[in-house]
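Undergrad: As input, take final28.cif (mmCIF, C-alpha atoms; chains and numbers go by the auth columns):
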```cif
data_model
#
loop_
_atom_site.group_PDB
_atom_site.id
_atom_site.type_symbol
_atom_site.label_atom_id
_atom_site.label_comp_id
_atom_site.label_asym_id
_atom_site.label_seq_id
_atom_site.Cartn_x
_atom_site.Cartn_y
_atom_site.Cartn_z
_atom_site.B_iso_or_equiv
_atom_site.auth_seq_id
_atom_site.auth_asym_id
ATOM 1 C CA MET A 1 -44.658 6.740 -31.626 0.00 718 A
ATOM 2 C CA ASN A 2 -42.790 8.607 -28.916 0.00 719 A
ATOM 3 C CA PRO A 3 -39.151 8.952 -30.111 0.00 720 A
ATOM 4 C CA GLU A 4 -37.807 7.688 -26.750 0.00 721 A
ATOM 5 C CA ILE A 5 -39.950 4.566 -27.043 0.00 722 A
ATOM 6 C CA LYS A 6 -38.957 4.089 -30.673 0.00 723 A
ATOM 7 C CA ASN A 7 -35.313 4.265 -29.555 0.00 724 A
ATOM 8 C CA TYR A 8 -35.952 1.753 -26.714 0.00 725 A
ATOM 9 C CA ASN A 9 -37.563 -0.646 -29.196 0.00 726 A
ATOM 10 C CA SER A 10 -34.662 -0.281 -31.627 0.00 727 A
ATOM 11 C CA THR A 11 -32.191 -1.482 -28.966 0.00 728 A
ATOM 12 C CA GLN A 12 -33.941 -4.874 -28.754 0.00 729 A
ATOM 13 C CA ASN A 13 -33.059 -7.897 -30.885 0.00 730 A
ATOM 14 C CA SER A 14 -35.177 -8.152 -34.047 0.00 731 A
ATOM 15 C CA SER A 15 -37.781 -10.546 -32.601 0.00 732 A
ATOM 16 C CA ASP A 16 -38.222 -8.457 -29.450 0.00 733 A
ATOM 17 C CA GLN A 17 -38.254 -5.259 -31.497 0.00 734 A
ATOM 18 C CA ASP A 18 -41.176 -6.625 -33.536 0.00 735 A
ATOM 19 C CA ILE A 19 -43.058 -7.357 -30.308 0.00 736 A
ATOM 20 C CA CYS A 20 -42.299 -3.922 -28.840 0.00 737 A
ATOM 21 C CA ASP A 21 -43.227 -2.085 -32.041 0.00 738 A
ATOM 22 C CA GLN A 22 -46.536 -3.933 -32.302 0.00 739 A
ATOM 23 C CA LEU A 23 -47.361 -3.312 -28.629 0.00 740 A
ATOM 24 C CA ALA A 24 -46.500 0.399 -28.856 0.00 741 A
ATOM 25 C CA THR A 25 -48.551 0.841 -32.034 0.00 742 A
ATOM 26 C CA ILE A 26 -51.659 -0.754 -30.539 0.00 743 A
ATOM 27 C CA ILE A 27 -51.271 1.019 -27.194 0.00 744 A
ATOM 28 C CA ASP A 28 -50.817 4.390 -28.918 0.00 745 A
ATOM 29 C CA SER A 29 -53.914 3.821 -31.042 0.00 746 A
ATOM 30 C CA GLU A 30 -56.102 2.799 -28.086 0.00 747 A
ATOM 31 C CA LEU A 31 -54.783 5.236 -25.447 0.00 748 A
ATOM 32 C CA GLN A 32 -54.715 8.382 -27.547 0.00 749 A
ATOM 33 C CA LYS A 33 -55.069 10.652 -24.490 0.00 750 A
ATOM 34 C CA ALA A 34 -52.200 8.974 -22.657 0.00 751 A
ATOM 35 C CA GLU A 35 -48.740 10.414 -22.136 0.00 752 A
ATOM 36 C CA SER A 36 -46.001 7.964 -23.070 0.00 753 A
ATOM 37 C CA LYS A 37 -42.393 8.081 -21.953 0.00 754 A
ATOM 38 C CA ILE A 38 -39.473 6.032 -20.760 0.00 755 A
ATOM 39 C CA TRP A 39 -39.983 5.619 -17.022 0.00 756 A
ATOM 40 C CA HIS A 40 -37.539 3.613 -14.895 0.00 757 A
ATOM 41 C CA ALA A 41 -35.829 2.641 -18.185 0.00 758 A
ATOM 42 C CA HIS A 42 -38.979 1.160 -19.798 0.00 759 A
ATOM 43 C CA PRO A 43 -41.847 2.406 -21.997 0.00 760 A
ATOM 44 C CA VAL A 44 -44.888 3.381 -19.916 0.00 761 A
ATOM 45 C CA TRP A 45 -48.204 5.079 -20.744 0.00 762 A
ATOM 46 C CA PHE A 46 -49.889 7.368 -18.196 0.00 763 A
ATOM 47 C CA LEU A 47 -53.380 8.815 -17.841 0.00 764 A
ATOM 48 C CA ASP A 48 -53.426 11.993 -15.727 0.00 765 A
ATOM 49 C CA GLY A 49 -50.005 11.082 -14.347 0.00 766 A
ATOM 50 C CA ASN A 50 -51.073 7.588 -13.298 0.00 767 A
ATOM 51 C CA PRO A 51 -49.144 4.654 -14.864 0.00 768 A
ATOM 52 C CA ILE A 52 -51.493 2.425 -16.862 0.00 769 A
ATOM 53 C CA VAL A 53 -49.504 0.042 -19.061 0.00 770 A
ATOM 54 C CA GLY A 54 -45.895 -0.581 -19.999 0.00 771 A
ATOM 55 C CA TYR A 55 -43.518 -3.221 -21.218 0.00 772 A
ATOM 56 C CA SER A 56 -39.987 -4.358 -20.499 0.00 773 A
ATOM 57 C CA LYS A 57 -37.464 -6.968 -21.561 0.00 774 A
ATOM 58 C CA GLN A 58 -37.130 -9.694 -18.955 0.00 775 A
ATOM 59 C CA LYS A 59 -35.642 -13.168 -18.934 0.00 776 A
ATOM 60 C CA PRO A 60 -38.924 -14.939 -19.895 0.00 777 A
ATOM 61 C CA GLY A 61 -39.575 -12.458 -22.753 0.00 778 A
ATOM 62 C CA ILE A 62 -41.186 -9.070 -23.265 0.00 779 A
ATOM 63 C CA ARG A 63 -43.425 -8.422 -20.265 0.00 780 A
ATOM 64 C CA LEU A 64 -46.535 -6.346 -20.937 0.00 781 A
ATOM 65 C CA MET A 65 -47.788 -5.079 -17.574 0.00 782 A
ATOM 66 C CA PHE A 66 -51.009 -3.367 -16.585 0.00 783 A
ATOM 67 C CA TRP A 67 -50.707 -1.553 -13.262 0.00 784 A
ATOM 68 C CA SER A 68 -54.350 -2.299 -12.355 0.00 785 A
ATOM 69 C CA GLY A 69 -54.645 -5.511 -14.366 0.00 786 A
ATOM 70 C CA ALA A 70 -55.354 -7.846 -11.454 0.00 787 A
ATOM 71 C CA ASP A 71 -58.881 -6.416 -11.353 0.00 788 A
ATOM 72 C CA PHE A 72 -59.515 -6.989 -15.078 0.00 789 A
ATOM 73 C CA ASN A 73 -60.487 -10.622 -14.356 0.00 790 A
ATOM 74 C CA GLU A 74 -58.798 -11.799 -17.535 0.00 791 A
ATOM 75 C CA ASP A 75 -57.451 -15.337 -17.881 0.00 792 A
ATOM 76 C CA GLY A 76 -54.744 -14.152 -20.293 0.00 793 A
ATOM 77 C CA LEU A 77 -53.134 -11.930 -17.658 0.00 794 A
ATOM 78 C CA ASN A 78 -51.217 -13.304 -14.698 0.00 795 A
ATOM 79 C CA GLY A 79 -51.368 -11.572 -11.312 0.00 796 A
ATOM 80 C CA ARG A 80 -48.028 -10.887 -9.681 0.00 797 A
ATOM 81 C CA GLY A 81 -48.508 -10.197 -6.016 0.00 798 A
ATOM 82 C CA GLN A 82 -50.914 -9.454 -3.218 0.00 799 A
ATOM 83 C CA LYS A 83 -49.771 -5.928 -2.343 0.00 800 A
ATOM 84 C CA PHE A 84 -50.218 -4.289 -5.740 0.00 801 A
ATOM 85 C CA LYS A 85 -52.856 -4.675 -8.433 0.00 802 A
ATOM 86 C CA ASP A 86 -50.656 -5.390 -11.452 0.00 803 A
ATOM 87 C CA ALA A 87 -51.022 -8.216 -13.932 0.00 804 A
ATOM 88 C CA SER A 88 -48.960 -9.107 -16.959 0.00 805 A
ATOM 89 C CA ILE A 89 -48.332 -11.377 -19.906 0.00 806 A
ATOM 90 C CA PHE A 90 -45.054 -12.402 -21.555 0.00 807 A
ATOM 91 C CA TYR A 91 -44.419 -12.515 -25.294 0.00 808 A
ATOM 92 C CA ASN A 92 -41.596 -14.246 -27.153 0.00 809 A
ATOM 93 C CA HIS A 93 -42.897 -13.728 -30.707 0.00 810 A
ATOM 94 C CA ALA A 94 -45.022 -10.952 -32.223 0.00 811 A
ATOM 95 C CA ALA A 95 -47.431 -13.609 -33.523 0.00 812 A
ATOM 96 C CA GLU A 96 -48.400 -14.376 -29.903 0.00 813 A
ATOM 97 C CA ILE A 97 -49.971 -10.929 -29.524 0.00 814 A
ATOM 98 C CA LYS A 98 -53.735 -11.088 -29.908 0.00 815 A
ATOM 99 C CA PRO A 99 -54.674 -7.525 -30.891 0.00 816 A
ATOM 100 C CA GLU A 100 -58.333 -7.897 -29.851 0.00 817 A
ATOM 101 C CA ASP A 101 -57.319 -9.137 -26.371 0.00 818 A
ATOM 102 C CA LEU A 102 -54.846 -6.287 -26.044 0.00 819 A
ATOM 103 C CA LYS A 103 -57.456 -3.719 -27.109 0.00 820 A
ATOM 104 C CA ASN A 104 -59.914 -5.166 -24.595 0.00 821 A
ATOM 105 C CA TRP A 105 -57.326 -4.949 -21.799 0.00 822 A
ATOM 106 C CA LEU A 106 -56.512 -1.365 -22.785 0.00 823 A
ATOM 107 C CA LYS A 107 -60.205 -0.436 -22.556 0.00 824 A
ATOM 108 C CA LYS A 108 -60.282 -1.990 -19.097 0.00 825 A
ATOM 109 C CA SER A 109 -57.120 -0.078 -18.160 0.00 826 A
ATOM 110 C CA ILE A 110 -59.063 3.150 -18.655 0.00 827 A
ATOM 111 C CA ALA A 111 -62.133 1.942 -16.757 0.00 828 A
ATOM 112 C CA ILE A 112 -60.281 0.239 -13.878 0.00 829 A
ATOM 113 C CA GLN A 113 -57.510 2.267 -12.268 0.00 830 A
ATOM 114 C CA TRP A 114 -55.778 2.262 -8.923 0.00 831 A
ATOM 115 C CA ASP A 115 -53.985 5.439 -7.831 0.00 832 A
ATOM 116 C CA TYR A 116 -50.303 4.613 -8.242 0.00 833 A
ATOM 117 C CA LYS A 117 -49.473 8.281 -8.795 0.00 834 A
ATOM 118 C CA ASN A 118 -50.032 9.018 -5.081 0.00 835 A
ATOM 119 C CA ILE A 119 -48.841 5.730 -3.573 0.00 836 A
ATOM 120 C CA VAL A 120 -45.795 7.329 -1.909 0.00 837 A
ATOM 121 C CA LYS A 121 -47.878 10.152 -0.439 0.00 838 A
ATOM 122 C CA ARG A 122 -50.285 7.540 0.950 0.00 839 A
ATOM 123 C CA LYS A 123 -47.410 5.476 2.376 0.00 840 A
ATOM 124 C CA GLY A 124 -47.981 2.449 0.129 0.00 841 A
ATOM 125 C CA ILE A 125 -51.765 2.433 0.324 0.00 842 A
ATOM 126 C CA LEU A 126 -53.583 2.110 -3.011 0.00 843 A
ATOM 127 C CA GLU A 127 -56.975 3.707 -3.606 0.00 844 A
ATOM 128 C CA ARG A 128 -59.305 2.861 -6.460 0.00 845 A
ATOM 129 C CA LEU A 129 -59.800 5.738 -8.927 0.00 846 A
ATOM 130 C CA THR A 130 -62.370 4.272 -11.301 0.00 847 A
#
```
Would you write out, as structure tokens, the structure that this file holds?
TA:
Amino acid sequence: MNPEIKNYNSTQNSSDQDICDQLATIIDSELQKAESKIWHAHPVWFLDGNPIVGYSKQKPGIRLMFWSGADFNEDGLNGRGQKFKDASIFYNHAAEIKPEDLKNWLKKSIAIQWDYKNIVKRKGILERLT
């Protein structure tokens, strides 16, 4: 696990730390070619510089977000807005994580990507990569 992400996880309360550790472990195992780092104060995994998945502590719980998740067509993920293509799920206990669902979403995150890396250069316009 990336030491920065391990440190982020260790700053959470014990329940949230369990969630974060489990998420990071599964993400690392499924996205072996991804670069992981703390980005805008939260753990994020990138493929070729494009953000794919990350998580953060929010009021409703630990939010796992897929940047292109709205196009996964998965009932377990909730879309956020019309402008971007993100979708997420909140966890309050590690037992709520369904590893097979997460692995499926991670496979889709490789196959379905929108170009967030160049969104500023394109003045807010997203283009589909895969």
Undergrad: Excluding Glu817 (chain A) and residues on its chain fewer than 5 positions from it, collect all residues at most 12 Å away from it, counting only C-alpha atoms, and give them as a list in words.
TA: Leu740, Ile743, Ile744, Glu747, Gly793, Trp822, Leu823 and Lys824 of chain A
Undergrad: Between CA of Ser727 (chain A) and CA of Lys820 (chain A), what distance in Å does the model show, to one decimal?
TA: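 Going from CA of Ser727 (chain A) over to CA of Lys820 (chain A), I get 23.5 Å.
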Undergrad: On this structure, the PyMOL selection byres ((chain A and resi 804) around 12) would catch which residues? List them as a PyMOL selection string, sorted by chain and number.
TA: chain A and resi 769-772+780-803+805-807+822+826
Undergrad: Quick one, how far is CA of Asn719 (chain A) from CA of Lys838 (chain A)?
TA: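 Atom-to-atom, CA of Asn719 (chain A) to CA of Lys838 (chain A), that is 29.0 Å.
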Undergrad: Considering only C-alpha atoms, return as a list of chain:residue names whatever protein or nucleic-acid residues lie within 7 Å of Gly778 (chain A), sequence-local ones (same chain, fewer than 2 positions apart) excluded.
TA: A:Lys774, A:Gln775, A:Lys776, A:Arg780, A:Phe807, A:Tyr808, A:Asn809
Undergrad: Mind dumping the selected residues with C-alpha atoms as a PDB file, keeping the file's coordinate frame?
TA:
```pdb
ATOM      1  CA  LYS A 774     -37.464  -6.968 -21.561  1.00  0.00           C
ATOM      2  CA  GLN A 775     -37.130  -9.694 -18.955  1.00  0.00           C
ATOM      3  CA  LYS A 776     -35.642 -13.168 -18.934  1.00  0.00           C
ATOM      4  CA  ARG A 780     -43.425  -8.422 -20.265  1.00  0.00           C
ATOM      5  CA  PHE A 807     -45.054 -12.402 -21.555  1.00  0.00           C
ATOM      6  CA  TYR A 808     -44.419 -12.515 -25.294  1.00  0.00           C
ATOM      7  CA  ASN A 809     -41.596 -14.246 -27.153  1.00  0.00           C
TER       8      ASN A 809
END
```
Undergrad: What's the separation between CA of Glu721 (chain A) and CA of Ala758 (chain A), in Å to one decimal place?
TA: 10.1 Å
Undergrad: Enclose all atoms of region 770-783 of chain A listed in the file in an axis-aligned box, grow every side by 8 Å, and hand back centre and edge lengths in Å to one decimal, as AutoDock Vina command-line options.
TA:
```
--center_x -43.3 --center_y -7.4 --center_z -19.9 --size_x 31.4 --size_y 31.0 --size_z 22.7
```
Undergrad: Residues at most 12 Å from Thr728 (chain A), counting all atoms listed in the file, excluding those fewer than 5 positions away in the same chain, as a short mmCIF file (atom, residue, chain, number, x, y, z; two decimals) with C-alpha atoms, keeping the file's coordinate frame?
TA:
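Output contents, as saved in around-v8.cif:
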```cif
data_model
loop_
_atom_site.label_atom_id
_atom_site.label_comp_id
_atom_site.auth_asym_id
_atom_site.auth_seq_id
_atom_site.Cartn_x
_atom_site.Cartn_y
_atom_site.Cartn_z
CA GLU A 721 -37.81 7.69 -26.75
CA ILE A 722 -39.95 4.57 -27.04
CA LYS A 723 -38.96 4.09 -30.67
CA ASP A 733 -38.22 -8.46 -29.45
CA GLN A 734 -38.25 -5.26 -31.50
CA ASP A 735 -41.18 -6.62 -33.54
CA CYS A 737 -42.30 -3.92 -28.84
CA ASP A 738 -43.23 -2.08 -32.04
CA HIS A 759 -38.98 1.16 -19.80
CA SER A 773 -39.99 -4.36 -20.50
CA LYS A 774 -37.46 -6.97 -21.56
#
```
Undergrad: Dump C-alpha atoms of region 729-837 of chain A from the given block, as a short mmCIF file (atom, residue, chain, number, x, y, z; two decimals), in the first residue's frame.
TA:
```
data_model
loop_
_atom_site.label_atom_id
_atom_site.label_comp_id
_atom_site.auth_asym_id
_atom_site.auth_seq_id
_atom_site.Cartn_x
_atom_site.Cartn_y
_atom_site.Cartn_z
CA GLN A 729 -9.40 7.68 10.52
CA ASN A 730 -11.32 6.27 13.49
CA SER A 731 -10.98 2.48 13.81
CA SER A 732 -14.21 1.63 11.94
CA ASP A 733 -13.38 3.98 9.07
CA GLN A 734 -9.78 2.78 9.04
CA ASP A 735 -11.00 -0.80 8.53
CA ILE A 736 -13.10 0.36 5.58
CA CYS A 737 -10.25 2.36 4.05
CA ASP A 738 -7.71 -0.44 4.51
CA GLN A 739 -10.03 -2.98 2.90
CA LEU A 740 -10.81 -0.65 -0.02
CA ALA A 741 -7.13 0.17 -0.61
CA THR A 742 -6.13 -3.50 -0.49
CA ILE A 743 -8.74 -4.55 -3.05
CA ILE A 744 -8.09 -1.56 -5.31
CA ASP A 745 -4.33 -2.18 -5.22
CA SER A 746 -4.82 -5.84 -6.10
CA GLU A 747 -7.18 -5.12 -9.02
CA LEU A 748 -5.50 -1.99 -10.43
CA GLN A 749 -1.90 -3.16 -10.34
CA LYS A 750 -0.87 -0.80 -13.16
CA ALA A 751 -2.40 2.23 -11.47
CA GLU A 752 -0.52 5.01 -9.74
CA SER A 753 -1.90 5.77 -6.29
CA LYS A 754 -1.40 8.94 -4.31
CA ILE A 755 -3.06 11.48 -2.08
CA TRP A 756 -4.75 13.94 -4.43
CA HIS A 757 -6.78 16.88 -3.10
CA ALA A 758 -6.26 15.37 0.39
CA HIS A 759 -7.76 11.95 -0.48
CA PRO A 760 -6.51 8.59 -1.81
CA VAL A 761 -6.92 8.33 -5.59
CA TRP A 762 -5.78 5.78 -8.18
CA PHE A 763 -4.84 6.90 -11.71
CA LEU A 764 -4.35 5.10 -15.02
CA ASP A 765 -2.10 7.05 -17.41
CA GLY A 766 -2.67 10.18 -15.34
CA ASN A 767 -6.46 9.88 -15.44
CA PRO A 768 -8.26 9.58 -12.06
CA ILE A 769 -10.17 6.30 -11.85
CA VAL A 770 -11.24 5.62 -8.26
CA GLY A 771 -10.76 7.15 -4.84
CA TYR A 772 -12.31 7.44 -1.43
CA SER A 773 -12.85 10.12 1.19
CA LYS A 774 -14.39 10.62 4.61
CA GLN A 775 -17.67 12.49 4.37
CA LYS A 776 -20.57 13.05 6.72
CA PRO A 777 -22.59 10.00 5.49
CA GLY A 778 -19.51 7.71 5.73
CA ILE A 779 -16.56 6.69 3.59
CA ARG A 780 -17.40 7.61 0.00
CA LEU A 781 -15.91 5.35 -2.67
CA MET A 782 -16.09 7.25 -5.97
CA PHE A 783 -15.50 6.13 -9.53
CA TRP A 784 -14.83 9.06 -11.85
CA SER A 785 -16.58 7.32 -14.79
CA GLY A 786 -18.96 5.23 -12.69
CA ALA A 787 -22.20 6.71 -14.01
CA ASP A 788 -21.65 4.69 -17.19
CA PHE A 789 -21.12 1.39 -15.34
CA ASN A 790 -24.91 0.88 -15.14
CA GLU A 791 -24.62 -0.58 -11.66
CA ASP A 792 -27.49 -0.40 -9.18
CA GLY A 793 -25.05 -0.35 -6.24
CA LEU A 794 -23.51 2.94 -7.36
CA ASN A 795 -25.33 6.25 -7.12
CA GLY A 796 -24.85 8.93 -9.79
CA ARG A 797 -24.04 12.39 -8.50
CA GLY A 798 -24.68 14.94 -11.19
CA GLN A 799 -25.40 15.61 -14.82
CA LYS A 800 -22.19 17.42 -15.76
CA PHE A 801 -19.67 14.75 -14.76
CA LYS A 802 -19.72 10.97 -15.04
CA ASP A 803 -18.95 10.01 -11.44
CA ALA A 804 -20.84 7.56 -9.27
CA SER A 805 -20.25 6.48 -5.71
CA ILE A 806 -21.27 4.38 -2.74
CA PHE A 807 -21.00 5.11 0.98
CA TYR A 808 -19.77 2.67 3.62
CA ASN A 809 -20.17 2.87 7.39
CA HIS A 810 -18.83 -0.60 8.25
CA ALA A 811 -16.22 -2.78 6.53
CA ALA A 812 -18.76 -5.62 6.46
CA GLU A 813 -20.84 -3.59 3.97
CA ILE A 814 -18.10 -3.91 1.34
CA LYS A 815 -18.92 -6.63 -1.16
CA PRO A 816 -15.51 -7.56 -2.60
CA GLU A 817 -16.95 -9.16 -5.75
CA ASP A 818 -19.00 -6.02 -6.53
CA LEU A 819 -15.96 -3.84 -5.93
CA LYS A 820 -13.79 -6.02 -8.19
CA ASN A 821 -16.45 -5.86 -10.90
CA TRP A 822 -16.61 -2.06 -10.66
CA LEU A 823 -12.81 -1.86 -10.80
CA LYS A 824 -12.80 -3.94 -14.00
CA LYS A 825 -15.37 -1.56 -15.45
CA SER A 826 -13.24 1.41 -14.35
CA ILE A 827 -10.51 0.17 -16.68
CA ALA A 828 -12.88 -0.50 -19.58
CA ILE A 829 -14.99 2.66 -19.23
CA GLN A 830 -13.05 5.90 -18.83
CA TRP A 831 -13.77 9.55 -19.45
CA ASP A 832 -10.81 11.90 -19.91
CA TYR A 833 -10.67 13.85 -16.66
CA LYS A 834 -6.93 14.40 -17.07
CA ASN A 835 -7.56 16.95 -19.86
CA ILE A 836 -10.83 18.46 -18.63
CA VAL A 837 -9.25 21.87 -17.92
#
```
